file target_28.pdb (PDB, C-alpha atoms)
ATOM      1  CA  ARG A  72    -135.245  42.480 -48.019
ATOM      2  CA  VAL A  73    -136.555  39.315 -49.610
ATOM      3  CA  ALA A  74    -139.817  37.749 -48.491
ATOM      4  CA  TYR A  75    -140.577  34.114 -49.194
ATOM      5  CA  PRO A  76    -144.018  32.534 -49.757
ATOM      6  CA  ASN A  77    -145.766  30.286 -47.271
ATOM      7  CA  LEU A  78    -144.752  26.810 -48.472
ATOM      8  CA  ILE A  79    -146.156  24.799 -45.567
ATOM      9  CA  LYS A  80    -149.907  25.586 -45.670
ATOM     10  CA  GLY A  81    -151.796  22.327 -45.277
ATOM     11  CA  THR A  82    -148.623  20.226 -45.047
ATOM     12  CA  VAL A  83    -149.041  16.928 -43.191
ATOM     13  CA  VAL A  84    -145.954  16.365 -41.032
ATOM     14  CA  LYS A  85    -145.127  12.762 -40.087
ATOM     15  CA  ALA A  86    -141.474  13.021 -38.968
ATOM     16  CA  PRO A  87    -138.980  15.268 -37.177
ATOM     17  CA  SER A  88    -137.033  17.917 -39.099
ATOM     18  CA  VAL A  89    -139.694  18.326 -41.764
ATOM     19  CA  VAL A  90    -140.958  21.698 -40.515
ATOM     20  CA  TRP A  91    -139.270  23.984 -38.017
ATOM     21  CA  GLN A  92    -140.988  27.203 -37.023
ATOM     22  CA  SER A  93    -139.322  30.161 -35.341
ATOM     23  CA  ASP A  94    -140.340  33.414 -33.742
ATOM     24  CA  ILE A  95    -138.914  36.106 -31.494
ATOM     25  CA  THR A  96    -140.736  37.460 -28.452
ATOM     26  CA  TYR A  97    -140.084  40.146 -25.874
ATOM     27  CA  ILE A  98    -139.697  39.575 -22.149
ATOM     28  CA  ALA A  99    -139.843  42.456 -19.659
ATOM     29  CA  VAL A 100    -137.354  42.440 -16.792
ATOM     30  CA  ASN A 101    -137.173  45.440 -14.436
ATOM     31  CA  ALA A 102    -138.804  47.811 -16.936
ATOM     32  CA  ARG A 103    -136.400  46.760 -19.697
ATOM     33  CA  PHE A 104    -137.221  44.562 -22.677
ATOM     34  CA  TYR A 105    -135.155  41.554 -23.668
ATOM     35  CA  TYR A 106    -135.871  39.135 -26.461
ATOM     36  CA  ALA A 107    -136.037  35.374 -26.772
ATOM     37  CA  VAL A 108    -135.842  33.373 -29.977
ATOM     38  CA  PHE A 109    -137.257  29.860 -30.118
ATOM     39  CA  ILE A 110    -137.084  27.322 -32.935
ATOM     40  CA  ILE A 111    -139.536  24.442 -32.606
ATOM     41  CA  ASP A 112    -139.798  21.181 -34.503
ATOM     42  CA  VAL A 113    -143.489  21.015 -35.394
ATOM     43  CA  TYR A 114    -143.635  17.206 -35.294
ATOM     44  CA  THR A 115    -142.000  16.579 -31.905
ATOM     45  CA  ARG A 116    -142.884  19.999 -30.414
ATOM     46  CA  LYS A 117    -139.265  20.099 -29.233
ATOM     47  CA  ILE A 118    -137.520  23.434 -28.896
ATOM     48  CA  VAL A 119    -134.436  22.635 -30.973
ATOM     49  CA  GLY A 120    -132.799  26.052 -30.678
ATOM     50  CA  HIS A 121    -133.173  29.127 -28.506
ATOM     51  CA  ARG A 122    -131.343  32.295 -27.527
ATOM     52  CA  VAL A 123    -131.919  35.297 -25.247
ATOM     53  CA  SER A 124    -130.711  38.700 -26.369
ATOM     54  CA  GLY A 125    -130.737  42.343 -25.383
ATOM     55  CA  HIS A 126    -131.656  43.395 -28.930
ATOM     56  CA  MET A 127    -133.748  42.320 -31.910
ATOM     57  CA  ARG A 128    -130.959  42.030 -34.472
ATOM     58  CA  ALA A 129    -130.513  38.817 -36.460
ATOM     59  CA  GLU A 130    -127.477  37.732 -34.423
ATOM     60  CA  ALA A 131    -129.548  35.952 -31.738
ATOM     61  CA  ASN A 132    -131.700  34.196 -34.334
ATOM     62  CA  LEU A 133    -128.585  33.029 -36.162
ATOM     63  CA  LYS A 134    -127.116  31.641 -32.922
ATOM     64  CA  ALA A 135    -130.376  29.802 -32.163
ATOM     65  CA  LEU A 136    -130.370  28.328 -35.675
ATOM     66  CA  LYS A 137    -126.734  27.222 -35.374
ATOM     67  CA  GLN A 138    -127.566  25.620 -32.015
ATOM     68  CA  ALA A 139    -130.468  23.715 -33.598
ATOM     69  CA  LEU A 140    -128.364  22.576 -36.544
ATOM     70  CA  SER A 141    -125.567  21.382 -34.257
ATOM     71  CA  THR A 142    -127.796  18.668 -32.773
ATOM     72  CA  HIS A 143    -130.516  18.082 -35.365
ATOM     73  CA  ARG A 144    -130.773  17.370 -39.055
ATOM     74  CA  ALA A 145    -131.638  20.516 -41.019
ATOM     75  CA  PRO A 146    -135.376  20.855 -41.632
ATOM     76  CA  GLU A 147    -136.928  20.365 -45.013
ATOM     77  CA  PHE A 148    -138.809  23.628 -44.365
ATOM     78  CA  HIS A 149    -137.838  26.497 -42.076
ATOM     79  CA  HIS A 150    -140.886  28.684 -41.466
ATOM     80  CA  SER A 151    -141.046  32.088 -39.778
ATOM     81  CA  ASP A 152    -142.649  35.463 -40.092
ATOM     82  CA  ARG A 153    -141.124  38.061 -42.407
ATOM     83  CA  GLY A 154    -139.168  39.874 -39.703
ATOM     84  CA  SER A 155    -135.777  41.302 -40.608
ATOM     85  CA  GLN A 156    -134.062  38.681 -38.408
ATOM     86  CA  TYR A 157    -135.316  35.948 -40.724
ATOM     87  CA  THR A 158    -134.637  37.797 -43.965
ATOM     88  CA  SER A 159    -131.037  38.681 -43.088
ATOM     89  CA  SER A 160    -128.551  37.393 -45.645
ATOM     90  CA  GLU A 161    -126.604  35.339 -43.060
ATOM     91  CA  TYR A 162    -129.750  33.570 -41.836
ATOM     92  CA  ILE A 163    -131.035  32.877 -45.358
ATOM     93  CA  ASN A 164    -127.605  31.713 -46.569
ATOM     94  CA  LEU A 165    -127.202  29.277 -43.662
ATOM     95  CA  LEU A 166    -130.592  27.729 -44.401
ATOM     96  CA  LYS A 167    -129.810  27.476 -48.101
ATOM     97  CA  THR A 168    -126.414  25.818 -47.487
ATOM     98  CA  GLN A 169    -128.256  23.243 -45.342
ATOM     99  CA  GLY A 170    -130.715  22.539 -48.153
ATOM    100  CA  SER A 171    -133.740  23.865 -46.264
ATOM    101  CA  LYS A 172    -136.631  25.454 -48.126
ATOM    102  CA  ILE A 173    -137.501  28.862 -46.704
ATOM    103  CA  SER A 174    -141.149  29.542 -45.904
ATOM    104  CA  MET A 175    -142.671  32.685 -44.406
ATOM    105  CA  GLY A 176    -146.144  33.586 -43.242
ATOM    106  CA  LEU A 177    -148.044  36.844 -43.075
ATOM    107  CA  LYS A 178    -150.207  36.228 -40.003
ATOM    108  CA  ALA A 179    -149.761  34.724 -36.543
ATOM    109  CA  GLN A 180    -151.868  31.686 -37.575
ATOM    110  CA  ASP A 181    -149.303  30.957 -40.288
ATOM    111  CA  ASN A 182    -146.662  30.513 -37.585
ATOM    112  CA  ALA A 183    -148.888  29.063 -34.876
ATOM    113  CA  TYR A 184    -146.473  26.565 -33.309
ATOM    114  CA  ALA A 185    -143.768  29.194 -32.841
ATOM    115  CA  GLU A 186    -146.290  31.717 -31.505
ATOM    116  CA  ARG A 187    -147.615  29.114 -29.091
ATOM    117  CA  ILE A 188    -144.184  28.220 -27.731
ATOM    118  CA  ASN A 189    -143.563  31.880 -26.901
ATOM    119  CA  LEU A 190    -146.755  31.941 -24.850
ATOM    120  CA  THR A 191    -146.073  28.570 -23.203
ATOM    121  CA  ILE A 192    -142.571  29.504 -22.061
ATOM    122  CA  LYS A 193    -143.821  32.800 -20.634
ATOM    123  CA  GLU A 194    -147.051  31.587 -19.023
ATOM    124  CA  GLU A 195    -146.009  28.168 -17.759
ATOM    125  CA  TYR A 196    -142.476  29.019 -16.684
ATOM    126  CA  LEU A 197    -141.129  32.577 -16.696
ATOM    127  CA  ASN A 198    -144.218  34.253 -15.207
ATOM    128  CA  HIS A 199    -143.806  32.068 -12.104
ATOM    129  CA  TRP A 200    -140.192  33.054 -11.464
ATOM    130  CA  GLU A 201    -138.900  36.414 -10.308
ATOM    131  CA  THR A 202    -136.403  37.497 -12.896
ATOM    132  CA  LYS A 203    -134.052  40.195 -11.694
ATOM    133  CA  SER A 204    -131.421  40.448 -14.430
ATOM    134  CA  TYR A 205    -130.511  39.613 -18.007
ATOM    135  CA  THR A 206    -128.139  36.885 -16.790
ATOM    136  CA  GLN A 207    -130.850  35.336 -14.666
ATOM    137  CA  LEU A 208    -133.293  35.522 -17.586
ATOM    138  CA  GLY A 209    -130.880  33.507 -19.731
ATOM    139  CA  GLN A 210    -130.581  30.874 -17.001
ATOM    140  CA  GLN A 211    -134.329  30.712 -16.521
ATOM    141  CA  VAL A 212    -135.022  30.367 -20.245
ATOM    142  CA  ASN A 213    -132.491  27.507 -20.406
ATOM    143  CA  LYS A 214    -134.232  25.859 -17.437
ATOM    144  CA  ALA A 215    -137.675  26.374 -18.991
ATOM    145  CA  VAL A 216    -136.597  24.905 -22.336
ATOM    146  CA  LYS A 217    -135.026  21.876 -20.648
ATOM    147  CA  ASN A 218    -138.120  21.292 -18.511
ATOM    148  CA  TYR A 219    -140.476  21.814 -21.457
ATOM    149  CA  ASN A 220    -138.570  19.414 -23.718
ATOM    150  CA  LEU A 221    -138.199  16.723 -21.050
ATOM    151  CA  LYS A 222    -141.458  16.922 -19.106
ATOM    152  CA  ARG A 223    -144.170  18.926 -20.887
ATOM    153  CA  ILE A 224    -146.817  16.422 -22.023
ATOM    154  CA  HIS A 225    -148.731  17.109 -25.256
ATOM    155  CA  ASN A 226    -152.086  15.468 -25.949
ATOM    156  CA  GLU A 227    -151.531  15.881 -29.706
ATOM    157  CA  ILE A 228    -148.402  13.724 -29.625
ATOM    158  CA  ASN A 229    -149.807  10.710 -27.771
ATOM    159  CA  LYS A 230    -149.443  12.293 -24.323
ATOM    160  CA  LEU A 231    -145.654  12.302 -24.631
ATOM    161  CA  SER A 232    -143.063  14.972 -23.987
ATOM    162  CA  PRO A 233    -141.033  16.225 -26.970
ATOM    163  CA  ILE A 234    -137.961  14.239 -25.867
ATOM    164  CA  GLN A 235    -140.022  11.069 -25.354
ATOM    165  CA  LEU A 236    -141.463  11.314 -28.867
ATOM    166  CA  GLU A 237    -138.037  11.995 -30.344
ATOM    167  CA  ASP A 238    -136.540   9.050 -28.434
ATOM    168  CA  ILE A 239    -139.254   6.689 -29.650
ATOM    169  CA  TYR A 240    -138.887   7.908 -33.209
ATOM    170  CA  PHE A 241    -135.093   7.690 -33.434
ATOM    171  CA  LYS A 242    -133.929   5.198 -30.828
ATOM    172  CA  LYS A 243    -136.554   2.555 -30.398
ATOM    173  CA  GLY A 244    -137.218   1.882 -34.059
ATOM    174  CA  LYS A 245    -140.955   2.406 -33.653
ATOM    175  CA  TYR A 246    -142.727   5.200 -35.450
ATOM    176  CA  PRO A 247    -145.521   6.633 -33.328
ATOM    177  CA  SER A 248    -148.778   7.394 -35.072
ATOM    178  CA  VAL A 249    -148.377  11.144 -34.827
ATOM    179  CA  GLU A 250    -149.459  13.359 -37.673
ATOM    180  CA  VAL A 251    -149.514  17.154 -37.637
ATOM    181  CA  THR A 252    -151.409  19.159 -40.246
ATOM    182  CA  ILE A 253    -150.239  22.739 -40.684
ATOM    183  CA  PHE A 254    -152.956  25.415 -40.640
ATOM    184  CA  ASN A 255    -154.316  26.400 -44.017
ATOM    185  CA  GLU A 256    -156.930  29.157 -43.917
ATOM    186  CA  GLU A 257    -158.242  28.088 -47.312
ATOM    187  CA  SER A 258    -159.289  24.677 -45.961
ATOM    188  CA  ASN A 259    -159.472  25.071 -42.133
TER     189      ASN A 259
END
call {"tool": "encode", "arguments": {"input": "target_28.pdb", "output": "structure tokens"}}
result
Amino acid sequence: RVAYPNLIKGTVVKAPSVVWQSDITYIAVNARFYYAVFIIDVYTRKIVGHRVSGHMRAEANLKALKQALSTHRAPEFHHSDRGSQYTSSEYINLLKTQGSKISMGLKAQDNAYAERINLTIKEEYLNHWETKSYTQLGQQVNKAVKNYNLKRIHNEINKLSPIQLEDIYFKKGKYPSVEVTIFNEESN
């Protein structure tokens, strides 16, 4: 298993698809654990890929990454923790063929945007819905991601939703004055 260094510490992000962060989280449904993978674009805060799974193998992460790459330009940096899902040869090879630099952190703070999206999806969406089955969980995660991307306002990105910021950036020809600085424990 290969681990990669943290390449994004202190990086100032001024555009989409510069840094994507990803993490996997568990979700309990009827005393059983399922898992959700989210990939977030740090600049827009948009969830660009996601997948729900009944296991923690790399397959779900790979599907989420393929989903993200099907609609977005590959990131300059893909950042995650050092979990086996992210160090699997298929995952690493796909990133390398896309020209993405692979970055990995050791602590939750190193992957803060991905950690935060896990909490947001659970606390602001899933915890308010009664989930009765794996199928329903998949539907609810899809609904939560759609709602989050379209409607969730972020103070840090000029009080816009992720889709609004992306639309302004790509479609309207204006570049909003949004700048994101990645956590660096040596300077923060």
call {"tool": "residues_around", "arguments": {"input": "target_28.pdb", "residues": "Ser124 (chain A)", "least_positions_apart": "3", "cutoff": "12 Å", "atoms": "all atoms listed in the file", "output": "ChimeraX atom specification"}}
result
/A:95-99,103-109,121,127-135,205-206,208-209,212
call {"tool": "residues_around", "arguments": {"input": "target_28.pdb", "residues": "Asn255 (chain A)", "least_positions_apart": "3", "cutoff": "10 Å", "atoms": "all atoms listed in the file", "output": "JSON, numbers by chain"}}
result
{"A": [77, 79, 80, 81, 82, 180, 181, 252, 258, 259]}
call {"tool": "closest_residue", "arguments": {"input": "target_28.pdb", "among": "A:Lys137, A:His126, A:Ala74, A:Tyr184", "to": "Gly154 (chain A)", "atoms": "all atoms listed in the file"}}
result
A:Ala74
call {"tool": "residues_near_point", "arguments": {"input": "target_28.pdb", "point": "(-132.5, 23.0, -44.0)", "cutoff": "9 Å", "atoms": "all atoms listed in the file", "output": "list in words"}}
result
Ser88, Val89, Leu140, Arg144, Ala145, Pro146, Glu147, Phe148, His149, Leu165, Leu166, Lys167, Thr168, Gln169, Gly170, Ser171, Lys172 and Ile173 of chain A
call {"tool": "atom_distance", "arguments": {"input": "target_28.pdb", "atom1": "CA of Pro87 (chain A)", "atom2": "CA of Asp238 (chain A)"}}
result
11.0 Å
call {"tool": "atom_distance", "arguments": {"input": "target_28.pdb", "atom1": "CA of Val73 (chain A)", "atom2": "CA of Arg187 (chain A)"}}
result
25.4 Å
call {"tool": "atom_distance", "arguments": {"input": "target_28.pdb", "atom1": "CA of Ile253 (chain A)", "atom2": "CA of Tyr114 (chain A)"}}
result
10.2 Å
call {"tool": "axis_aligned_box", "arguments": {"input": "target_28.pdb", "around": "region 135-146 of chain A", "padding_each_side": "5 Å", "output": "AutoDock Vina command-line options"}}
result
--center_x -130.5 --center_y 23.6 --center_z -36.8 --size_x 19.8 --size_y 22.4 --size_z 19.6
call {"tool": "closest_residue", "arguments": {"input": "target_28.pdb", "among": "A:Ile224, A:Ile188, A:Leu177, A:Val251", "to": "Val90 (chain A)", "atoms": "only C-alpha atoms"}}
result
A:Val251
call {"tool": "closest_residue", "arguments": {"input": "target_28.pdb", "among": "A:Ile111, A:Val123, A:Ala215, A:Ile228", "to": "Ala183 (chain A)", "atoms": "only C-alpha atoms"}}
result
A:Ile111
call {"tool": "resolve_selection", "arguments": {"input": "target_28.pdb", "expression": "the PyMOL selection byres ((chain A and resi 157) around 9)", "output": "number ranges by chain"}}
result
A: 93-94, 129, 132-133, 151-156, 158-160, 162-163, 175
call {"tool": "write_last_selection", "arguments": {"input": "target_28.pdb", "atoms": "C-alpha atoms", "output": "tab-separated table (two decimals), in the frame of the given file"}}
result
chain	number	residue	atom	x	y	z
A	93	SER	CA	-139.32	30.16	-35.34
A	94	ASP	CA	-140.34	33.41	-33.74
A	129	ALA	CA	-130.51	38.82	-36.46
A	132	ASN	CA	-131.70	34.20	-34.33
A	133	LEU	CA	-128.58	33.03	-36.16
A	151	SER	CA	-141.05	32.09	-39.78
A	152	ASP	CA	-142.65	35.46	-40.09
A	153	ARG	CA	-141.12	38.06	-42.41
A	154	GLY	CA	-139.17	39.87	-39.70
A	155	SER	CA	-135.78	41.30	-40.61
A	156	GLN	CA	-134.06	38.68	-38.41
A	158	THR	CA	-134.64	37.80	-43.96
A	159	SER	CA	-131.04	38.68	-43.09
A	160	SER	CA	-128.55	37.39	-45.64
A	162	TYR	CA	-129.75	33.57	-41.84
A	163	ILE	CA	-131.04	32.88	-45.36
A	175	MET	CA	-142.67	32.68	-44.41
call {"tool": "closest_residue", "arguments": {"input": "target_28.pdb", "among": "A:Val100, A:His150, A:Val216, A:Ala86", "to": "Lys117 (chain A)", "atoms": "all atoms listed in the file"}}
result
A:Val216
call {"tool": "closest_residue", "arguments": {"input": "target_28.pdb", "among": "A:Arg122, A:Arg223, A:Arg116, A:Lys242", "to": "Gln211 (chain A)", "atoms": "all atoms listed in the file"}}
result
A:Arg122
call {"tool": "closest_residue", "arguments": {"input": "target_28.pdb", "among": "A:Val113, A:Ile239, A:Val249, A:Leu78", "to": "Ser174 (chain A)", "atoms": "all atoms listed in the file"}}
result
A:Leu78
call {"tool": "resolve_selection", "arguments": {"input": "target_28.pdb", "expression": "the PyMOL selection byres ((chain A and resi 196) around 10)", "output": "PDB file with C-alpha atoms, in the frame of the given file"}}
result
ATOM      1  CA  LEU A 190    -146.755  31.941 -24.850  1.00  0.00           C
ATOM      2  CA  THR A 191    -146.073  28.570 -23.203  1.00  0.00           C
ATOM      3  CA  ILE A 192    -142.571  29.504 -22.061  1.00  0.00           C
ATOM      4  CA  LYS A 193    -143.821  32.800 -20.634  1.00  0.00           C
ATOM      5  CA  GLU A 194    -147.051  31.587 -19.023  1.00  0.00           C
ATOM      6  CA  GLU A 195    -146.009  28.168 -17.759  1.00  0.00           C
ATOM      7  CA  LEU A 197    -141.129  32.577 -16.696  1.00  0.00           C
ATOM      8  CA  ASN A 198    -144.218  34.253 -15.207  1.00  0.00           C
ATOM      9  CA  HIS A 199    -143.806  32.068 -12.104  1.00  0.00           C
ATOM     10  CA  TRP A 200    -140.192  33.054 -11.464  1.00  0.00           C
ATOM     11  CA  GLN A 211    -134.329  30.712 -16.521  1.00  0.00           C
ATOM     12  CA  VAL A 212    -135.022  30.367 -20.245  1.00  0.00           C
ATOM     13  CA  LYS A 214    -134.232  25.859 -17.437  1.00  0.00           C
ATOM     14  CA  ALA A 215    -137.675  26.374 -18.991  1.00  0.00           C
ATOM     15  CA  VAL A 216    -136.597  24.905 -22.336  1.00  0.00           C
ATOM     16  CA  ASN A 218    -138.120  21.292 -18.511  1.00  0.00           C
ATOM     17  CA  TYR A 219    -140.476  21.814 -21.457  1.00  0.00           C
TER      18      TYR A 219
END
